[in-house]
>>> print(open('coords_37.cif').read())   # mmCIF, C-alpha atoms
data_start
#
loop_
_atom_site.label_atom_id
_atom_site.label_comp_id
_atom_site.auth_asym_id
_atom_site.auth_seq_id
_atom_site.Cartn_x
_atom_site.Cartn_y
_atom_site.Cartn_z
CA MET A 1 -6.91 23.95 21.17
CA ARG A 2 -10.12 21.93 21.41
CA ARG A 3 -12.45 22.24 18.46
CA SER A 4 -15.89 23.59 19.02
CA SER A 5 -18.86 21.25 18.95
CA LEU A 6 -21.11 20.72 15.92
CA PRO A 7 -23.56 23.59 15.42
CA ALA A 8 -27.28 23.01 15.70
CA LEU A 9 -28.55 20.91 12.81
CA SER A 10 -31.42 21.85 10.58
CA THR A 11 -33.74 19.25 9.10
CA LYS A 12 -34.33 21.45 6.05
CA GLY A 13 -30.85 21.99 4.67
CA ALA A 14 -29.24 18.71 3.76
CA ARG A 15 -26.19 20.47 2.29
CA ARG A 16 -25.73 23.27 4.87
CA GLN A 17 -22.10 23.79 5.80
CA PRO A 18 -20.77 23.96 9.37
CA THR A 19 -20.28 27.40 10.86
CA GLU A 20 -16.85 28.98 10.91
CA ARG A 21 -14.44 27.88 13.61
CA PRO A 22 -10.92 29.06 14.56
CA GLU A 23 -7.96 27.13 13.20
CA ALA A 24 -5.75 25.09 15.51
CA PRO A 25 -1.98 25.65 15.64
CA ARG A 26 -0.09 24.05 12.73
CA VAL A 27 2.76 21.58 13.11
CA HIS A 28 4.66 22.80 10.05
CA THR A 29 5.35 26.38 9.08
CA SER A 30 3.81 28.11 6.09
CA ARG A 31 4.83 27.16 2.57
CA SER A 32 6.42 30.52 1.95
CA GLU A 33 8.79 29.83 4.85
CA LEU A 34 9.48 26.26 3.72
CA SER A 35 10.45 26.94 0.14
CA ARG A 36 11.67 29.49 -2.32
CA PRO A 37 10.78 28.96 -5.98
CA GLY A 38 13.71 28.03 -8.18
CA ARG A 39 16.00 26.91 -5.33
CA LEU A 40 16.84 23.46 -3.97
CA SER A 41 16.71 22.72 -0.28
CA GLU A 42 19.81 21.45 1.47
CA PRO A 43 19.70 18.48 3.88
CA PRO A 44 21.74 18.43 7.07
CA GLY A 45 25.45 18.71 6.38
CA GLY A 46 24.97 21.19 3.55
CA ARG A 47 24.81 18.53 0.80
CA ALA A 48 22.44 19.59 -1.98
CA PHE A 49 19.62 17.15 -2.73
CA ALA A 50 19.82 16.44 -6.44
CA ARG A 51 16.49 16.63 -8.21
CA ARG A 52 16.14 14.04 -10.92
CA PRO A 53 14.08 14.92 -13.97
CA HIS A 54 10.56 13.52 -13.96
CA VAL A 55 11.21 11.80 -17.29
CA GLY A 56 14.55 10.02 -17.67
CA VAL A 57 16.34 8.85 -20.77
CA PRO A 58 18.34 5.60 -20.65
CA VAL A 59 22.08 6.27 -20.95
CA GLY A 60 24.60 3.57 -21.72
CA GLY A 61 21.94 0.86 -21.57
CA GLN A 62 20.75 1.89 -18.10
CA THR A 63 17.05 2.09 -17.38
CA ASP A 64 15.30 4.83 -15.44
CA PRO A 65 15.29 4.50 -11.64
CA PRO A 66 11.97 3.51 -10.07
CA LYS A 67 9.46 6.11 -8.97
CA ALA A 68 8.94 6.92 -5.33
CA VAL A 69 5.50 6.12 -3.93
CA ILE A 70 3.41 8.30 -1.58
CA THR A 71 1.10 6.72 0.98
CA LEU A 72 -1.32 8.62 3.22
CA GLN A 73 -2.24 8.19 6.86
CA PRO A 74 -5.19 8.20 7.23
CA PRO A 75 -5.53 6.91 3.63
CA TRP A 76 -7.86 9.61 2.27
CA VAL A 77 -7.11 12.10 -0.50
CA ASN A 78 -9.94 14.39 0.69
CA VAL A 79 -10.35 15.49 4.30
CA PHE A 80 -12.19 18.06 6.40
CA GLN A 81 -10.70 21.29 7.64
CA MET A 82 -8.77 20.91 10.91
CA GLU A 83 -8.04 17.22 10.32
CA THR A 84 -4.54 15.69 10.33
CA VAL A 85 -2.86 14.30 7.22
CA THR A 86 0.52 12.54 7.05
CA PHE A 87 2.34 11.76 3.79
CA TRP A 88 4.93 8.97 3.70
CA CYS A 89 7.51 8.63 0.93
CA GLU A 90 8.74 5.16 -0.03
CA GLY A 91 11.59 4.59 -2.47
CA PRO A 92 15.17 3.35 -2.84
CA ARG A 93 17.79 5.24 -0.86
CA LEU A 94 21.52 5.31 -0.40
CA PRO A 95 22.80 3.44 2.68
CA GLY A 96 22.48 5.65 5.73
CA ASP A 97 20.68 8.37 3.79
CA SER A 98 17.02 8.93 4.73
CA SER A 99 16.75 12.37 3.16
CA THR A 100 13.60 12.96 1.10
CA GLN A 101 12.66 15.87 -1.11
CA TRP A 102 9.03 17.02 -1.03
CA PHE A 103 7.28 19.09 -3.68
CA VAL A 104 4.01 20.98 -3.30
CA ASN A 105 2.45 22.23 -6.54
CA GLY A 106 5.80 21.72 -8.28
CA THR A 107 7.90 23.67 -5.75
CA ALA A 108 10.50 22.04 -3.51
CA ILE A 109 9.89 22.64 0.19
CA GLY A 110 12.28 22.44 3.14
CA ILE A 111 11.00 19.15 4.55
CA LEU A 112 13.64 16.43 4.20
CA THR A 113 12.24 13.65 6.38
CA PRO A 114 10.51 10.54 4.94
CA SER A 115 7.17 11.84 6.26
CA TYR A 116 5.41 15.17 5.95
CA SER A 117 2.52 16.04 8.29
CA ILE A 118 -0.25 18.61 8.23
CA ALA A 119 -1.66 18.85 11.76
CA ALA A 120 -4.74 20.98 11.06
CA ALA A 121 -5.62 21.12 7.37
CA SER A 122 -6.89 24.33 5.81
CA PHE A 123 -7.99 25.26 2.30
CA SER A 124 -4.47 26.52 1.54
CA ASP A 125 -3.21 22.92 1.86
CA THR A 126 -5.22 21.85 -1.20
CA GLY A 127 -2.81 20.95 -3.96
CA GLU A 128 -0.51 18.44 -5.65
CA TYR A 129 2.08 16.59 -3.57
CA ARG A 130 5.11 14.65 -4.79
CA CYS A 131 8.21 13.20 -3.19
CA GLN A 132 11.60 11.83 -4.23
CA THR A 133 14.25 9.76 -2.50
CA GLY A 134 17.98 9.69 -3.22
CA LEU A 135 17.78 6.83 -5.75
CA SER A 136 14.30 7.34 -7.17
CA MET A 137 12.48 9.49 -9.64
CA ALA A 138 9.76 11.82 -8.40
CA SER A 139 6.55 10.05 -7.41
CA ASP A 140 3.25 10.31 -9.21
CA PRO A 141 1.26 13.28 -7.85
CA VAL A 142 -1.23 12.94 -5.02
CA GLN A 143 -3.97 15.56 -5.16
CA LEU A 144 -5.15 16.56 -1.68
CA GLU A 145 -8.51 18.34 -1.26
CA ILE A 146 -9.77 20.11 1.86
CA HIS A 147 -13.54 20.34 2.44
CA LYS A 148 -16.08 21.86 4.79
CA ASP A 149 -19.49 20.20 4.85
CA TRP A 150 -21.70 18.10 7.11
CA VAL A 151 -20.90 14.85 5.26
CA LEU A 152 -17.89 13.98 3.10
CA LEU A 153 -17.38 10.88 0.96
CA GLN A 154 -13.70 10.12 1.46
CA VAL A 155 -11.85 8.00 -1.11
CA SER A 156 -8.49 6.25 -1.02
CA SER A 157 -7.77 7.40 -4.59
CA ARG A 158 -9.59 9.17 -7.41
CA VAL A 159 -7.73 7.22 -10.10
CA VAL A 160 -7.43 3.47 -9.59
CA THR A 161 -5.75 0.88 -11.77
CA GLU A 162 -8.08 -1.93 -12.77
CA GLY A 163 -7.85 -4.83 -10.32
CA LYS A 164 -6.68 -2.66 -7.40
CA PRO A 165 -8.87 -2.01 -4.33
CA LEU A 166 -10.89 1.16 -3.73
CA THR A 167 -12.08 2.18 -0.26
CA LEU A 168 -14.89 4.68 0.39
CA ARG A 169 -15.82 6.26 3.72
CA CYS A 170 -18.92 8.25 4.57
CA HIS A 171 -17.48 10.72 7.08
CA GLY A 172 -19.28 13.21 9.32
CA TRP A 173 -17.95 16.64 10.23
CA ASP A 174 -15.97 16.75 13.48
CA ASN A 175 -16.04 12.91 13.55
CA ASN A 176 -19.76 12.85 14.32
CA GLN A 177 -21.10 9.32 14.00
CA LEU A 178 -23.38 8.77 11.04
CA SER A 179 -26.05 6.08 10.86
CA ASN A 180 -28.16 4.45 8.14
CA MET A 181 -25.62 5.35 5.46
CA LEU A 182 -26.37 4.97 1.76
CA PHE A 183 -23.62 4.74 -0.85
CA TYR A 184 -24.36 5.76 -4.45
CA GLN A 185 -22.71 5.21 -7.81
CA ASN A 186 -24.08 7.42 -10.59
CA ASN A 187 -27.10 8.25 -8.39
CA LYS A 188 -27.94 4.55 -7.84
CA ILE A 189 -27.74 3.00 -4.37
CA PHE A 190 -25.27 0.12 -4.24
CA LYS A 191 -24.75 -0.24 -0.48
CA PHE A 192 -26.68 0.35 2.74
CA SER A 193 -24.90 0.29 6.07
CA PRO A 194 -26.53 1.03 9.45
CA TRP A 195 -23.25 1.81 11.26
CA ASP A 196 -20.15 0.82 9.25
CA SER A 197 -18.97 3.93 7.45
CA GLU A 198 -16.47 2.21 5.11
CA VAL A 199 -17.00 0.22 1.92
CA THR A 200 -14.14 -1.51 0.08
CA ILE A 201 -14.25 -2.74 -3.51
CA LEU A 202 -11.53 -5.39 -3.38
CA ARG A 203 -10.93 -5.68 -7.14
CA THR A 204 -12.05 -2.79 -9.28
CA ASN A 205 -13.05 -3.20 -12.92
CA MET A 206 -14.17 -0.84 -15.66
CA SER A 207 -17.79 -0.91 -14.43
CA HIS A 208 -16.68 0.95 -11.29
CA ASN A 209 -16.07 4.20 -13.20
CA GLY A 210 -18.48 6.95 -12.18
CA ILE A 211 -19.57 9.60 -9.71
CA TYR A 212 -19.91 8.45 -6.09
CA HIS A 213 -21.59 10.09 -3.13
CA CYS A 214 -23.12 9.05 0.17
CA SER A 215 -25.74 10.18 2.63
CA GLY A 216 -26.03 9.60 6.38
CA GLN A 217 -28.25 10.32 9.33
CA LEU A 218 -27.38 12.79 12.06
CA LYS A 219 -30.39 14.63 13.42
CA ALA A 220 -31.39 14.86 9.77
CA ARG A 221 -30.16 13.11 6.64
CA PHE A 222 -27.27 14.86 4.94
CA THR A 223 -25.78 14.13 1.53
CA SER A 224 -22.16 14.51 0.48
CA ALA A 225 -20.88 16.10 -2.71
CA GLY A 226 -20.03 13.77 -5.61
CA VAL A 227 -16.54 12.37 -6.15
CA SER A 228 -15.42 11.27 -9.61
CA ILE A 229 -13.67 7.87 -9.67
CA THR A 230 -11.70 6.82 -12.76
CA ILE A 231 -10.65 3.21 -13.31
CA LYS A 232 -7.62 2.85 -15.61
CA GLU A 233 -7.64 -0.20 -17.86
CA LEU A 234 -4.76 -2.48 -16.87
CA PHE A 235 -4.28 -3.64 -20.47
CA PRO A 236 -6.33 -3.37 -23.68
CA ALA A 237 -7.86 -6.29 -25.54
CA PRO A 238 -5.10 -8.16 -27.39
CA VAL A 239 -4.74 -8.27 -31.15
CA LEU A 240 -3.82 -11.57 -32.81
CA LYS A 241 -1.34 -11.17 -35.67
CA ALA A 242 0.20 -13.68 -38.10
CA SER A 243 3.81 -13.37 -39.24
CA SER A 244 3.18 -14.75 -42.75
CA SER A 245 1.50 -12.83 -45.54
CA PHE A 246 -1.92 -13.85 -46.82
CA PRO A 247 -2.95 -16.14 -48.38
CA LEU A 248 -0.88 -18.78 -46.54
CA VAL A 249 0.65 -21.68 -48.44
CA GLU A 250 -0.21 -25.15 -47.25
CA GLY A 251 2.67 -26.85 -45.43
CA ASN A 252 4.44 -23.66 -44.36
CA PRO A 253 4.80 -22.68 -40.67
CA VAL A 254 2.82 -19.73 -39.30
CA ASN A 255 3.84 -17.67 -36.25
CA LEU A 256 0.99 -16.13 -34.25
CA SER A 257 1.51 -13.25 -31.83
CA CYS A 258 -0.97 -12.12 -29.14
CA GLU A 259 -0.14 -8.42 -28.79
CA THR A 260 -1.15 -6.23 -25.85
CA LYS A 261 0.60 -3.98 -23.34
CA LEU A 262 0.30 -3.31 -19.63
CA LEU A 263 -0.68 0.35 -19.27
CA SER A 264 0.27 0.59 -15.61
CA GLN A 265 3.84 0.37 -14.41
CA SER A 266 3.08 -2.59 -12.15
CA PRO A 267 6.09 -4.94 -11.99
CA GLU A 268 4.11 -7.43 -9.92
CA VAL A 269 1.58 -7.98 -12.72
CA GLN A 270 2.16 -11.02 -14.93
CA LEU A 271 0.04 -11.75 -17.99
CA TYR A 272 -0.61 -15.24 -19.32
CA PHE A 273 -1.72 -16.12 -22.86
CA SER A 274 -3.90 -18.78 -24.45
CA PHE A 275 -4.49 -19.57 -28.13
CA TYR A 276 -7.58 -21.14 -29.69
CA VAL A 277 -8.82 -22.28 -33.07
CA GLY A 278 -12.57 -22.79 -33.21
CA ASN A 279 -13.43 -24.62 -29.98
CA GLU A 280 -10.00 -26.24 -29.70
CA THR A 281 -7.36 -25.00 -27.24
CA LEU A 282 -3.93 -24.80 -28.86
CA MET A 283 -1.98 -23.42 -25.90
CA ASN A 284 -3.33 -22.69 -22.42
CA ARG A 285 -2.09 -20.00 -20.01
CA THR A 286 1.63 -19.64 -20.62
CA PRO A 287 3.80 -16.53 -20.12
CA SER A 288 4.68 -16.55 -23.84
CA SER A 289 2.59 -14.43 -26.17
CA LYS A 290 3.81 -16.42 -29.21
CA TYR A 291 2.47 -19.59 -30.82
CA GLN A 292 3.69 -21.41 -33.94
CA ILE A 293 1.55 -23.46 -36.28
CA LEU A 294 4.15 -25.92 -37.58
CA THR A 295 2.24 -26.86 -40.74
CA ALA A 296 -0.64 -24.87 -42.18
CA LYS A 297 -3.42 -27.06 -43.59
CA ARG A 298 -6.29 -26.28 -45.94
CA GLU A 299 -8.74 -28.22 -43.77
CA ASP A 300 -8.06 -26.01 -40.72
CA PRO A 301 -11.23 -24.17 -39.55
CA GLY A 302 -9.30 -20.95 -39.98
CA LEU A 303 -10.80 -18.88 -37.12
CA TYR A 304 -8.07 -18.23 -34.55
CA ARG A 305 -8.16 -16.09 -31.41
CA CYS A 306 -6.05 -15.48 -28.32
CA GLU A 307 -6.69 -14.53 -24.72
CA ALA A 308 -4.71 -12.51 -22.17
CA ILE A 309 -5.35 -13.02 -18.46
CA THR A 310 -3.83 -11.86 -15.19
CA GLU A 311 -2.20 -14.41 -12.89
CA ASP A 312 -5.11 -14.34 -10.42
CA GLY A 313 -7.62 -14.75 -13.24
CA THR A 314 -9.61 -11.62 -12.36
CA ILE A 315 -9.03 -9.76 -15.64
CA ILE A 316 -9.51 -11.61 -18.95
CA ARG A 317 -9.59 -10.11 -22.44
CA GLN A 318 -9.93 -11.85 -25.81
CA SER A 319 -8.79 -10.78 -29.24
CA PRO A 320 -11.04 -10.55 -32.29
CA GLU A 321 -10.98 -13.68 -34.47
CA LEU A 322 -8.34 -13.94 -37.17
CA LYS A 323 -9.19 -15.97 -40.30
CA LEU A 324 -6.25 -17.81 -41.83
CA GLN A 325 -6.77 -18.63 -45.51
CA VAL A 326 -4.51 -21.51 -46.53
CA ARG A 327 -3.85 -22.09 -50.23
CA GLY A 328 -3.19 -25.70 -51.29
CA LEU A 329 0.03 -26.81 -52.92
CA GLN A 330 -0.05 -27.34 -56.74
CA SER A 331 1.50 -30.49 -58.29
CA PRO A 332 3.92 -30.22 -61.31
CA ALA A 333 1.37 -31.95 -63.63
CA HIS A 334 -1.24 -29.43 -62.56
CA ILE A 335 1.16 -26.60 -63.30
CA TRP A 336 2.08 -28.03 -66.73
CA PHE A 337 -1.61 -28.42 -67.59
CA HIS A 338 -2.15 -24.72 -66.90
CA VAL A 339 0.89 -23.84 -69.03
CA VAL A 340 -0.21 -26.00 -72.00
CA PHE A 341 -3.78 -24.82 -71.72
CA SER A 342 -2.71 -21.18 -71.72
CA LEU A 343 -0.37 -21.76 -74.67
CA ALA A 344 -3.08 -23.58 -76.71
CA THR A 345 -5.57 -20.84 -75.99
CA GLY A 346 -3.07 -18.24 -77.21
CA ILE A 347 -2.40 -20.16 -80.46
CA ILE A 348 -6.11 -20.59 -81.17
CA PHE A 349 -6.65 -16.90 -80.60
CA LEU A 350 -3.79 -16.03 -82.98
CA VAL A 351 -5.00 -18.41 -85.75
CA ASN A 352 -8.50 -17.07 -85.41
CA ASN A 353 -7.21 -13.51 -85.89
CA VAL A 354 -5.25 -14.56 -89.02
CA PHE A 355 -8.30 -16.19 -90.58
CA CYS A 356 -10.38 -13.11 -89.83
CA VAL A 357 -7.84 -10.91 -91.56
CA ILE A 358 -7.73 -13.18 -94.67
CA ILE A 359 -11.51 -13.35 -94.96
CA HIS A 360 -11.74 -9.60 -94.53
CA LYS A 361 -9.25 -9.04 -97.37
CA GLU A 362 -11.09 -11.48 -99.70
CA LEU A 363 -14.36 -9.71 -99.05
CA GLN A 364 -12.78 -6.36 -99.80
CA LYS A 365 -11.31 -7.73 -103.05
CA GLN A 366 -14.64 -9.20 -104.25
CA LYS A 367 -16.39 -5.97 -103.47
CA LYS A 368 -13.90 -4.07 -105.62
CA LEU A 369 -14.35 -6.40 -108.62
CA ASN A 370 -18.11 -6.11 -108.49
CA SER A 371 -17.88 -2.35 -108.53
CA GLU A 372 -15.82 -2.43 -111.85
CA ILE A 373 -18.43 -4.44 -114.01
CA PRO A 374 -20.44 -1.96 -116.44
CA MET A 375 -24.16 -1.85 -116.09
CA ASP A 376 -26.25 -1.59 -119.58
CA SER A 377 -29.27 0.65 -119.38
CA GLY A 378 -30.83 -0.79 -122.67
CA GLN A 379 -31.35 2.69 -124.32
CA GLY A 380 -29.45 2.05 -127.63
CA LYS A 381 -31.04 -1.21 -128.49
CA LYS A 382 -33.57 -1.80 -131.32
CA VAL A 383 -36.19 -4.43 -131.08
CA THR A 384 -37.60 -6.05 -134.32
CA SER A 385 -40.87 -7.85 -134.37
CA TYR A 386 -41.73 -10.54 -136.83
CA LEU A 387 -45.45 -11.19 -137.24
#
>>> encode(input="coords_37.cif", output="structure tokens")
Amino acid sequence: MRRSSLPALSTKGARRQPTERPEAPRVHTSRSELSRPGRLSEPPGGRAFARRPHVGVPVGGQTDPPKAVITLQPPWVNVFQMETVTFWCEGPRLPGDSSTQWFVNGTAIGILTPSYSIAAASFSDTGEYRCQTGLSMASDPVQLEIHKDWVLLQVSSRVVTEGKPLTLRCHGWDNNQLSNMLFYQNNKIFKFSPWDSEVTILRTNMSHNGIYHCSGQLKARFTSAGVSITIKELFPAPVLKASSSFPLVEGNPVNLSCETKLLSQSPEVQLYFSFYVGNETLMNRTPSSKYQILTAKREDPGLYRCEAITEDGTIIRQSPELKLQVRGLQSPAHIWFHVVFSLATGIIFLVNNVFCVIIHKELQKQKKLNSEIPMDSGQGKKVTSYL
């Protein structure tokens, strides 16, 4: 069935939606016919497809199997009504076994081929898609959205791991060619293109988080709805830690550890580490996150830091500075001096207390004697005067 042409455009309504149009025949049957909740589909030959749990627990030292990966053709997670979408499932399989289990909104459906196609998308196809091969865990979900508008900003993914590419496409309804396209991030123009409808950010970083939209010229200028893009940090800033307790003793070794963790399960990513003290490089770009100071010295500047960097050098993060306080060694004479000095001080304090007690007792005794001497008032005395 051939789709109807674009309705007449209005120069006043930049966000007017296209008029209704009949749906084309679908390649696959409805979801209700493809699946029954709570039941597993059976591949050819009647062998049940075993669903692995989404989260595995290592048993007997074995690690979890890898996750399957879904790719899209065309590579957009948001499309117009009536457009075609094909999902491909990649993952380890048993020899000679190409069976694949597909899940839509958590329910297994009766599609067992490595690909799953939607010939003419409708709003009912909006949802969460996963897949699983015979030797894999279920894939991360892919959220498909179906839209109806004059202009749609299509994205290759709404959540992107830092360092990975992100592709945007300013797409017109019914494949109408747009011109003089403007691409926006957080309502600020970052790209103008007269004819090329795609923009690719080759290596994303945290500054690429935000709300994106685009506008393009048909008979009038139309603007797409916003799409939220989230960039996941590949790894956090490292923390430099010392194995020894503080303060450090001069002459002892100190083990430094540059601690961080890859947040994304990306086996191809390799981190390299560097260690610095002041402006001096101690170790430069090695796979090891450990460094040993063989002998701690009091004259060391004391401000240490480390750096973690990806192999291609595109993502670099530094730790906060760590101050190492090194305490000098004490000689035996110095130790004996402290002992003798402390002992002499104690003796002087004791003698001083003894003298104070003796003086206090003597004063008390003298005071008592003075209080016992009688005082004459002079009233019984007779005075004789000789003239």
>>> residues_around(input="coords_37.cif", residues="Met181 in chain A", least_positions_apart="6", cutoff="12 Å", atoms="only C-alpha atoms", output="number ranges by chain")
A: 151-153, 168-172, 189-199, 213-218, 220-224
>>> closest_residue(input="coords_37.cif", among="A:Asn180, A:Thr204, A:Gln325, A:Asn284", to="Ala242 in chain A", atoms="all atoms listed in the file")
A:Gln325
>>> resolve_selection(input="coords_37.cif", expression="the PyMOL selection byres ((chain A and resi 131) around 12)", output="JSON, numbers by chain")
{"A": [51, 52, 54, 67, 68, 69, 70, 71, 87, 88, 89, 90, 91, 99, 100, 101, 102, 103, 104, 105, 106, 107, 108, 109, 110, 111, 112, 113, 114, 115, 116, 128, 129, 130, 132, 133, 134, 135, 136, 137, 138, 139, 140, 141, 142]}
>>> write_last_selection(input="coords_37.cif", atoms="C-alpha atoms", output="short mmCIF file (atom, residue, chain, number, x, y, z; two decimals), in the coordinates of the input")
data_model
loop_
_atom_site.label_atom_id
_atom_site.label_comp_id
_atom_site.auth_asym_id
_atom_site.auth_seq_id
_atom_site.Cartn_x
_atom_site.Cartn_y
_atom_site.Cartn_z
CA ARG A 51 16.49 16.63 -8.21
CA ARG A 52 16.14 14.04 -10.92
CA HIS A 54 10.56 13.52 -13.96
CA LYS A 67 9.46 6.11 -8.97
CA ALA A 68 8.94 6.92 -5.33
CA VAL A 69 5.50 6.12 -3.93
CA ILE A 70 3.41 8.30 -1.58
CA THR A 71 1.10 6.72 0.98
CA PHE A 87 2.34 11.76 3.79
CA TRP A 88 4.93 8.97 3.70
CA CYS A 89 7.51 8.63 0.93
CA GLU A 90 8.74 5.16 -0.03
CA GLY A 91 11.59 4.59 -2.47
CA SER A 99 16.75 12.37 3.16
CA THR A 100 13.60 12.96 1.10
CA GLN A 101 12.66 15.87 -1.11
CA TRP A 102 9.03 17.02 -1.03
CA PHE A 103 7.28 19.09 -3.68
CA VAL A 104 4.01 20.98 -3.30
CA ASN A 105 2.45 22.23 -6.54
CA GLY A 106 5.80 21.72 -8.28
CA THR A 107 7.90 23.67 -5.75
CA ALA A 108 10.50 22.04 -3.51
CA ILE A 109 9.89 22.64 0.19
CA GLY A 110 12.28 22.44 3.14
CA ILE A 111 11.00 19.15 4.55
CA LEU A 112 13.64 16.43 4.20
CA THR A 113 12.24 13.65 6.38
CA PRO A 114 10.51 10.54 4.94
CA SER A 115 7.17 11.84 6.26
CA TYR A 116 5.41 15.17 5.95
CA GLU A 128 -0.51 18.44 -5.65
CA TYR A 129 2.08 16.59 -3.57
CA ARG A 130 5.11 14.65 -4.79
CA GLN A 132 11.60 11.83 -4.23
CA THR A 133 14.25 9.76 -2.50
CA GLY A 134 17.98 9.69 -3.22
CA LEU A 135 17.78 6.83 -5.75
CA SER A 136 14.30 7.34 -7.17
CA MET A 137 12.48 9.49 -9.64
CA ALA A 138 9.76 11.82 -8.40
CA SER A 139 6.55 10.05 -7.41
CA ASP A 140 3.25 10.31 -9.21
CA PRO A 141 1.26 13.28 -7.85
CA VAL A 142 -1.23 12.94 -5.02
#
>>> residues_around(input="coords_37.cif", residues="Asn205 in chain A", least_positions_apart="3", cutoff="12 Å", atoms="only C-alpha atoms", output="list of chain:residue names")
A:Val160, A:Thr161, A:Glu162, A:Gly163, A:Lys164, A:Pro165, A:Leu166, A:Ile201, A:Leu202, A:His208, A:Asn209, A:Gly210, A:Ile229, A:Thr230, A:Ile231, A:Lys232, A:Glu233, A:Leu234, A:Phe235, A:Thr314, A:Ile315, A:Ile316
>>> atom_distance(input="coords_37.cif", atom1="CA of Asp64 in chain A", atom2="CA of Lys261 in chain A")
18.9 Å
>>> atom_distance(input="coords_37.cif", atom1="CA of Phe275 in chain A", atom2="CA of Ile293 in chain A")
10.9 Å
>>> atom_distance(input="coords_37.cif", atom1="CA of Arg305 in chain A", atom2="CA of Cys258 in chain A")
8.5 Å
>>> closest_residue(input="coords_37.cif", among="A:Gln292, A:Ser207, A:Asn353, A:Ser274", to="Arg317 in chain A", atoms="all atoms listed in the file")
A:Ser274
>>> resolve_selection(input="coords_37.cif", expression="the PyMOL selection byres ((chain A and resi 303) around 6)", output="list of chain:residue names")
A:Val277, A:Gly278, A:Pro301, A:Gly302, A:Tyr304, A:Glu321, A:Leu322, A:Lys323
>>> closest_residue(input="coords_37.cif", among="A:Ile146, A:Gln73, A:Met82, A:Glu268", to="Asp312 in chain A", atoms="only C-alpha atoms")
A:Glu268
>>> closest_residue(input="coords_37.cif", among="A:Thr260, A:Asn352, A:Thr167, A:Thr310", to="Trp76 in chain A", atoms="all atoms listed in the file")
A:Thr167
>>> closest_residue(input="coords_37.cif", among="A:Val326, A:Ile211, A:Cys306, A:Val85", to="Ala119 in chain A", atoms="all atoms listed in the file")
A:Val85
